[in-house]
Every structure is written in structure tokens, then in C-alpha cells.
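In what follows, a single structure is set out as C-alpha cells and then discussed.
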Amino acid sequence: MSVTNDPAKNPEFSGCCALPLRIIPVVLAGMLLPLATSANADDSAESYELAATGDAPEAFSMNSAIPEVLTTTRLRQPKSRVPGTTTIITGDMIRDLGIMNLVEVFRLVPGMTVDAVGSNQPVTSYHGTVHYEQRRLQVQVDGRTSYQASLSDMDWNTMPVPLDLIERIEISRGPNSAAYGINAFLGTINIITRAPEDSAGVELRAISGSRGYGRAFGSAGNTNDDYTWRVAYEKRKSDGFDEQEDDGQIYPFNNGFDINTFNYDSNLTISSDYDLDIRAGVVDGVDEEDARKNGKFGANANPDILVDDYYLQTRLNVAASNRHFFHLQASFQNYDRRQRWRVCIPQDLFNDILDPDEPTPDLRPCTPEDNDPFLADLNEDTEESRLEFELQDTILFNPDLKLVSGLGYRKDTYRSETFFNGRGNNYQSRVFGNLEYSPFRWLTLNSGANWERTTTTDEGYFSPRLAANFILSNNHTLRFVYSRAVRTPDAFEQNPNWSYRPRDVAPPYEFLEGERFLVESLVNQTTSTFGKDLEEERITSREISYFGQYYLDSSIFSMEVRYFNDQLRDMISGIINEEEWTIDNNVALDQEGFEVEASLDFPGTQLRLGYAYLDQDGRYTGANDRDAGDKRYAVELLGRLSVRHSGSFTWIQDLPFDLTSSAAFYFADEFRRAHFERADFRLARRVHATGYSYELALTMQHYLNTDPTLSPDNIIRDHNQFFVEAGVRF
């Protein structure tokens, strides 16, 4: 399969690699700016010399205006030395643009797409390869792994990260298993929250808007010489999409959420060489599911999901010397989901289910005319917990030779009567390291690798990365990166034990109380791969990228361009539901393209551009026991979030009278049903007074196209969505 674009359907695109016409002038301007002479080139050179000859802290931070990255290798590096392209999204930018949900931040990242699957589940992906579960991206919050490993998914609605507490988000674009292990298959998202000392005092904020959106935030904290702390609370809710379509009729849609988060962050200074971070959080609320469209087995009531999560994290930071640092981190997280519903299945259909010689029927809702239907309670309750330990050591031998290395251990426990018929455990252990060496002023070499063993497959995996950064001149770098990575199947893919146990069964079927209905016996036996041992997915990636920073008379222009060529093999694709279980290592993908990220900063003005072009070709590589349609569908599933052209353009402007405005345009072409195009506008007044500050803001989101993109039920009636906001800080 190839992600295609039809110029006839969208006249703004022409040719295989064309940019939207409205963005071409911006790109041309970006290409011309580097021709200007840098008035500050000598200053930049001086910074480089200071970094090369200074003491350990200067060697660690480079003492340069070049942005620094923490995520890619686990070693603090300026972008000129990072072995791969990394996007940095600051918390201030998120708030200035009026972004309302965490997942929507990733529309700013070249190559990443955002949408909703299953009608209400927000998903994001880098270069696609997502159908429902968000596999293949490592997500961390303050160094704590945050994806649900047993079911390979991210629940963005319930993430314990208030937008107001984000300091920055770093996204490593490209395989990063060399630093973070198995799930960093396509990249890494690292969310870094504000330090408690940066948010001392009291802060309050409230936002309300279209489609029932609401967010309330409050935090309080204090700092002294030895101990800093912060507590924070956030409520976020939404009614979701406006309506759904079913058999040509329009119905209300139960697909919103109402989530509460509570966070505690602190730092205790033990001595000049030791300090201790302690973090904790609780999440509870409701994530709604609609009875018509959730696909749950015979549901006749909305099977809403009750959320009850918590986490604990502690990290001891030690400075053994001014050139040697290490930390020891331990964390425990628990994800608890309660999903229960009443089923009503007409008697004739239920009798077909009981008959092993009959195929599983298409279920329909009960009607008053149905006599003696099957009435019972079912559930898909799940509970997952993760215990994780990590030791990381950093040695700065000299300004030109640095080593980060470490050990990690993780235990994942899953509990579900429905999906696993009880509980189970997976264990992972790993060793990682990255050596940065600069033998010459114009060359930096990075060599990193991760070795990891997991009980999911009872095998060990080696994921290497090699990179050479050629520093062409002050603040200009050309990178060559080679990396390999794997992703192993999750517990549910590899070891399912899926069944339903009816409770509170009504006559005449009360004899089935507590009996197990095995999904393995319900699925289509002619195509079923239920219980088949799966192998790891593999990716080999090659990158050529350029980073440049240009100092003009009154501005800084930065540009990063990435060309990539990836080979993905033994990709797991297929269907998982009560009628079909067809997942297998059956798809190979070849993808290449380029991505551009550029910014222009004047005093009081920020302009930012992101653009990605992706050419993705897939082929079926599984056993030749499927018809052509099934083979094609297996390939298409991995391309649901793959688009040929995508990008964003943002403009943040300071105005007189304490006003700040912002404008943003996001686009992604050729989802399954339509293009995504949206323009956001925000106007805010921020006033700083003695002892306090406050902010008032109005945000509008204008959908240029309201056609549903992935699901026909993702309907937004009004092109214009409005949000009002008020905040105060003491």
C-alpha cells in the first residue's frame, strides 16, 4: 500500500512533494534568511571555545545559545551534538497557542499525526502504524514510563499531566531503543514538568468552551534552602464529538470524559552532593463509551469506564564529583479500569452463540417483541501495575569525551478476569549506554546501545545506534545516523486468555451464571490466529539531517531538516475482536521522506513552521492463507494515521497594552475519509502587578473542514469552537 494524494481532490497540493501553496512563501523566506551575514558569529565562536575549555558544568551545558536536549541519549547535549532529530515544545508555547488537550501538542511535531479511533479514543503516532492501540512510541513523564505495557496503549485523556505544569516536551523523531528500550521503536516522547521552585506560590486557572469543554487548575507550593514542594489539582472534561451516525440516522453521542488529577512534587536537598525528588499522583474519573459504537459484546447501556490510577516515584541524585553524576530511581504505577455493562441478546441470536456449529452472529439490540432474551452483566475490568528501577551514571571525562550508562529492571503485572482469566507478570531487564566523543572541533561521534531481555518472548534484544555529527561552522551541523530497534508483542497479543463470565443472569439462562464464554471459540476458526506465538517487530533506520542556527541583526533563525529511510519488518497487524482474531507478523513497510522544522524569533515575535512528507509502501508478508482483500486490509490497518503531507505554522506576537496574540494552522491530508485543516486564534491580556499577576484569554478554533477523518462518527457540527480562560497567580 502507498499513501497517496490526489491533486484533483485538493488543488492546494500538486506533485509528489508539494507544500500547501499558502506555506510556500514562508518556506522561501526561511531559505533566504541563511544567506544573511551573521552579526553574532564571533560571539557564537567564543561560546564554543568556552565550552571546550571550561570546567565540568560548562562542558555539560555547552554554555551556548544552541538549544539543549535531554532525551535522545539521556545525556544533556546541544542540538549540534545530538545523534538524531529532536523537537522541543515549551510549556509557554503550549499555553500561548491555547492548546486545550495534551495529545494535540503533537500536531506541532513534523511527522506526527493526531486523531481519534474507536470514536472517542485520542491517538497520536509518528509515521502512522497505528490502528487502535498506540504501540511503538515510548512515553515518559519526568523519567517515568507512562504507557500501559500489557495492552500496548496510551490513555491521553487520563494522563496525570496538567498543561499548566509542563516545562517542555522533547520528542526524539526516529528509533530510540538504544536509550529507552523496546517500545521506543519509532521515537520517544519525554514530558518534563516544571520544578517546584519554579511554581512557588498559588496559581489558579479556569477554562470553559464549546462541546462541554472545561478545565480547572490550581496549585500551591513553597521553597526554602532545603525543601521545595508543590501540590496541584486539575479537572478536565469534555462532551466529545457532537453526534454519531447509525444506519443513516443521527443520534447523540456518549463519548466525553470527566477526569480529576492530583499531583505532589518535591525536592529535598540532603547535602551539597545529594538531593531527593519525590513525586506522587492520583487520577480518577469517567471515560465515556457509547452503547451503539463501542463494539462491546451485546451492550444495551453505555459501558462507561471508571478510572482509578495512582503513581509513586522517587529519585536520588548524587554528584560524586564535578565530573561524575548518577541517579537511582524507583517508581510504581497502578492503572485501574472498571468497565461493566448489561447485555440483552435476543434468544435466537444467543442460541447461535451457544451452538459451536454456528458462526458468531451479528448482534442487534433487543426489542420489546423479543421473548426470553439473554440478560446478564459482563465486564472488561483491567488492572495493570508497573514496578521499575533504574540506575544511571554519567561521567564527563573531559569536554570531548562523555559517557552515560545504566541498568534498568521492570516488572509489569496485569489482572483481568476477562482478558487474562486472572493475573500474570512480565519482567524486563536492560543495560544501556551512550559514548559521545569529539576527536576534532568539527566532528562529534555518538555510539549507543541497549540490551534488553523480556519474558514476553523469553529472548534478549540488542538495539544499536551510531551517529556522526559534522559541525560545518559555528552552529551548523550535518548528521548521519544509523539505528536499529525492536518492539516485542504485549501481554494481550502474546498470551491472551479472553473470555466473558456473565453475572446476575436472568431466567431462563440462569444456569449460565459464572460460566466462561471463550472468545477463542467464538472467533472465525478459518482465519483465527488466537494463541499463536508472535515475534518481535524490527526497524532499521537511516537518517541524514541538518541543524543550523543563524544570528541576524535582531533575530535568531533556526532550521532543522531531516531525511529518513526506514525499513520495518515483521510488523504485527490484524483484527482483535469477538468475531475475528487475525493478528500476526504479516506486514513489511518501507518508508522515506523528509521533515522541516524552522523558527524565527524576534523580540516579542515567534514564528514557527513544521512540515513532513511521507512516502510509505507496505506489502503483506504473512502466510498465504488469506484472500486478497484480507491481505490488503492488514496492510491498510498500519497506515490509518499515515499521511503524505502534514504540518503546522504558528505565530505568537506580543502587542501593546499587555496583550499577546497567537495564530496557528494545522493540516494533515489523506486520512481515511478527509483532510484535517484547522486554524486557531488566541488573544490574551496578561498583567503583572506587585505580588500577583493575572491573565484573561479568548481562543477560537476554526475547522476549515468538518468532515470526519477516521471514523464517520467524529462529527463536529460547528466550524467555530470558542473557549474563554481566566487565571491568576500570587
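We name chains A, B, ... following the order of the C-alpha cells; residues begin at 1 in each chain, and ligands are numbered from 1 as shown.
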- request: Using only C-alpha atoms, determine which residues lie at most 9 Å from A:Val82, disregarding the query and same-chain residues fewer than 2 positions distant; provide the list as a list of chain:residue names.
  value: A:Glu68, A:Val69, A:Thr72, A:Thr73, A:Arg76, A:Gln77, A:Pro78, A:Lys79, A:Ser80, A:Gly84, A:Thr85, A:Thr86, A:Thr444, A:Asn446, A:Ala467, A:Asn469, A:Arg479
Those same residues - C-alpha atoms - I'd like them written as a PDB file, in the first residue's frame.
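Dumped everything to out_11.pdb:
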ATOM      1  CA  GLU A  68      19.906  21.666  24.610  1.00  0.00           C
ATOM      2  CA  VAL A  69      18.277  18.248  24.527  1.00  0.00           C
ATOM      3  CA  THR A  72      17.811  11.493  22.904  1.00  0.00           C
ATOM      4  CA  THR A  73      20.803   9.849  24.597  1.00  0.00           C
ATOM      5  CA  ARG A  76      22.458  16.696  28.129  1.00  0.00           C
ATOM      6  CA  GLN A  77      23.638  17.786  24.681  1.00  0.00           C
ATOM      7  CA  PRO A  78      23.315  20.825  22.437  1.00  0.00           C
ATOM      8  CA  LYS A  79      21.483  20.097  19.210  1.00  0.00           C
ATOM      9  CA  SER A  80      24.778  20.307  17.338  1.00  0.00           C
ATOM     10  CA  GLY A  84      19.165  12.454  15.881  1.00  0.00           C
ATOM     11  CA  THR A  85      16.456  14.991  15.218  1.00  0.00           C
ATOM     12  CA  THR A  86      14.622  16.152  18.339  1.00  0.00           C
ATOM     13  CA  THR A 444      31.228  14.507  17.191  1.00  0.00           C
ATOM     14  CA  ASN A 446      27.918   9.021  19.274  1.00  0.00           C
ATOM     15  CA  ALA A 467      25.929   8.726  14.561  1.00  0.00           C
ATOM     16  CA  ASN A 469      27.792  14.936  13.540  1.00  0.00           C
ATOM     17  CA  ARG A 479      24.221  14.436  10.972  1.00  0.00           C
TER      18      ARG A 479
END
task: For atom CA of A:Arg211 and atom CA of A:Asn260, determine how far apart the two atoms are, in Å to one decimal place.
output: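 Taking atom CA of A:Arg211 and atom CA of A:Asn260, their separation equals 18.5 Å.
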task: Would you list, as an MDAnalysis selection string, the residues of stretch 93-247 of chain A that end up in strand (DSSP E) under DSSP run on this structure's backbone?
output: chainID A and resid 112:117 121:126 137:141 144:145 166:173 187:193 201:209 214:223 227:238 243:246
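When atom CA of A:Ser648 is paired with atom CA of A:Leu97, their separation reads 12.0 Å.
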Can I get the residues of stretch 240-304 of chain A within 12 Å of stretch 690-709 of chain A, each with the closest pair of atoms and their distance in Å to one decimal, using only C-alpha atoms, sorted chain first then ascending number, as a Markdown table?
| residue | atom | partner | partner_atom | distance |
| --- | --- | --- | --- | --- |
| A:Phe241 | CA | A:Pro708 | CA | 10.2 |
| A:Asp242 | CA | A:Pro708 | CA | 11.5 |
| A:Glu243 | CA | A:Pro708 | CA | 11.2 |
| A:Gln244 | CA | A:Pro708 | CA | 10.5 |
| A:Glu245 | CA | A:Pro708 | CA | 11.1 |
Mind dumping the selected residues with N, CA and C atoms as a CSV table (one decimal), in the first residue's frame?
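Written output follows (result05.csv):
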chain,number,residue,atom,x,y,z
A,241,PHE,N,-17.3,14.4,20.7
A,241,PHE,CA,-17.9,14.8,19.4
A,241,PHE,C,-19.4,15.0,19.6
A,242,ASP,N,-20.0,15.8,18.7
A,242,ASP,CA,-21.4,16.2,18.8
A,242,ASP,C,-22.4,15.1,18.6
A,243,GLU,N,-22.2,14.3,17.6
A,243,GLU,CA,-23.2,13.3,17.3
A,243,GLU,C,-22.6,12.1,16.5
A,244,GLN,N,-23.4,11.1,16.3
A,244,GLN,CA,-23.0,9.9,15.6
A,244,GLN,C,-24.0,9.5,14.6
A,245,GLU,N,-23.5,8.7,13.6
A,245,GLU,CA,-24.4,8.3,12.6
A,245,GLU,C,-24.6,6.8,12.7
- request: Run DSSP on the backbone and grab whatever in stretch 152-325 of chain A lands in alpha helix (DSSP H); send it over as JSON, numbers by chain.
  value: {"A": [177, 178, 179, 180]}
task: Rank A:Gly118, A:Gly448, A:Gly727, A:Pro464 by their smallest atom-to-atom distance to A:Glu203, using only C-alpha atoms, and report the top residue only.
output: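 The closest residue to A:Glu203 is A:Gly727.
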Show me, as a PDB file with C-alpha atoms, in the first residue's frame, the residues that have an atom within 10 Å of A:Phe326 when counting only C-alpha atoms, minus same-chain residues fewer than 6 positions from it.
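The resulting file, selection_9.pdb, is shown below:
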ATOM      1  CA  LEU A 316      18.127  10.120  44.450  1.00  0.00           C
ATOM      2  CA  ASN A 317      20.549  12.424  42.605  1.00  0.00           C
ATOM      3  CA  VAL A 318      24.223  12.214  43.543  1.00  0.00           C
ATOM      4  CA  ALA A 319      27.139  14.382  42.419  1.00  0.00           C
ATOM      5  CA  ALA A 320      30.160  12.203  43.149  1.00  0.00           C
ATOM      6  CA  LEU A 391      20.423   3.333  37.842  1.00  0.00           C
ATOM      7  CA  GLN A 392      22.013   5.881  35.504  1.00  0.00           C
ATOM      8  CA  ASP A 393      25.621   7.034  35.654  1.00  0.00           C
ATOM      9  CA  THR A 394      27.153   9.997  33.804  1.00  0.00           C
ATOM     10  CA  ILE A 395      30.905  10.616  33.546  1.00  0.00           C
ATOM     11  CA  VAL A 404      26.190   7.807  30.117  1.00  0.00           C
ATOM     12  CA  SER A 405      25.337   4.235  31.090  1.00  0.00           C
ATOM     13  CA  GLY A 406      22.947   2.392  33.310  1.00  0.00           C
TER      14      GLY A 406
END
- request: For A:Arg640, list every protein, DNA or RNA residue within 9 Å, evaluated using only C-alpha atoms, and leave out those in the same chain fewer than 2 positions away; present the list as JSON, numbers by chain.
  value: {"A": [128, 129, 130, 131, 636, 637, 638, 642, 643, 671, 672, 710]}
Residues from last step as file, N, CA and C atoms, as an mmCIF file, in the first residue's frame:
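That gives us out_19.cif:
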data_model
loop_
_atom_site.group_PDB
_atom_site.id
_atom_site.type_symbol
_atom_site.label_atom_id
_atom_site.label_comp_id
_atom_site.auth_asym_id
_atom_site.auth_seq_id
_atom_site.Cartn_x
_atom_site.Cartn_y
_atom_site.Cartn_z
ATOM 1 N N GLY A 128 2.538 7.018 11.411
ATOM 2 C CA GLY A 128 1.443 6.062 11.327
ATOM 3 C C GLY A 128 1.679 4.806 12.127
ATOM 4 N N THR A 129 1.379 3.638 11.527
ATOM 5 C CA THR A 129 1.457 2.295 12.123
ATOM 6 C C THR A 129 0.573 2.156 13.354
ATOM 7 N N VAL A 130 -0.535 2.867 13.390
ATOM 8 C CA VAL A 130 -1.494 2.760 14.492
ATOM 9 C C VAL A 130 -2.852 2.427 13.909
ATOM 10 N N HIS A 131 -3.566 1.472 14.510
ATOM 11 C CA HIS A 131 -4.983 1.332 14.174
ATOM 12 C C HIS A 131 -5.829 1.618 15.405
ATOM 13 N N GLU A 636 -3.418 -1.964 5.205
ATOM 14 C CA GLU A 636 -4.079 -0.673 5.389
ATOM 15 C C GLU A 636 -4.221 -0.300 6.860
ATOM 16 N N LEU A 637 -4.383 -1.299 7.730
ATOM 17 C CA LEU A 637 -4.534 -1.001 9.154
ATOM 18 C C LEU A 637 -3.334 -0.235 9.704
ATOM 19 N N LEU A 638 -2.141 -0.556 9.210
ATOM 20 C CA LEU A 638 -0.940 0.124 9.697
ATOM 21 C C LEU A 638 -0.763 1.504 9.085
ATOM 22 N N SER A 642 -1.163 7.337 8.730
ATOM 23 C CA SER A 642 -0.058 7.739 7.861
ATOM 24 C C SER A 642 -0.599 8.695 6.805
ATOM 25 N N VAL A 643 -0.051 9.872 6.714
ATOM 26 C CA VAL A 643 -0.474 10.839 5.706
ATOM 27 C C VAL A 643 0.752 11.310 4.940
ATOM 28 N N PHE A 671 -6.288 11.400 5.405
ATOM 29 C CA PHE A 671 -6.715 10.354 6.316
ATOM 30 C C PHE A 671 -7.677 9.450 5.541
ATOM 31 N N ARG A 672 -8.303 8.535 6.221
ATOM 32 C CA ARG A 672 -9.145 7.573 5.505
ATOM 33 C C ARG A 672 -10.302 8.257 4.787
ATOM 34 N N LEU A 710 -11.235 9.875 10.395
ATOM 35 C CA LEU A 710 -11.083 8.428 10.502
ATOM 36 C C LEU A 710 -12.419 7.723 10.673
#
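For the residues A:Arg503, A:Arg340, A:Arg682, A:His127, ranking by smallest atom-to-atom distance to A:Arg95 using only C-alpha atoms places A:Arg682 first.
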- request: Measure the distance from atom CA of A:Trp451 to atom CA of A:Ser463 in Å and round it to one decimal.
  value: 6.4 Å
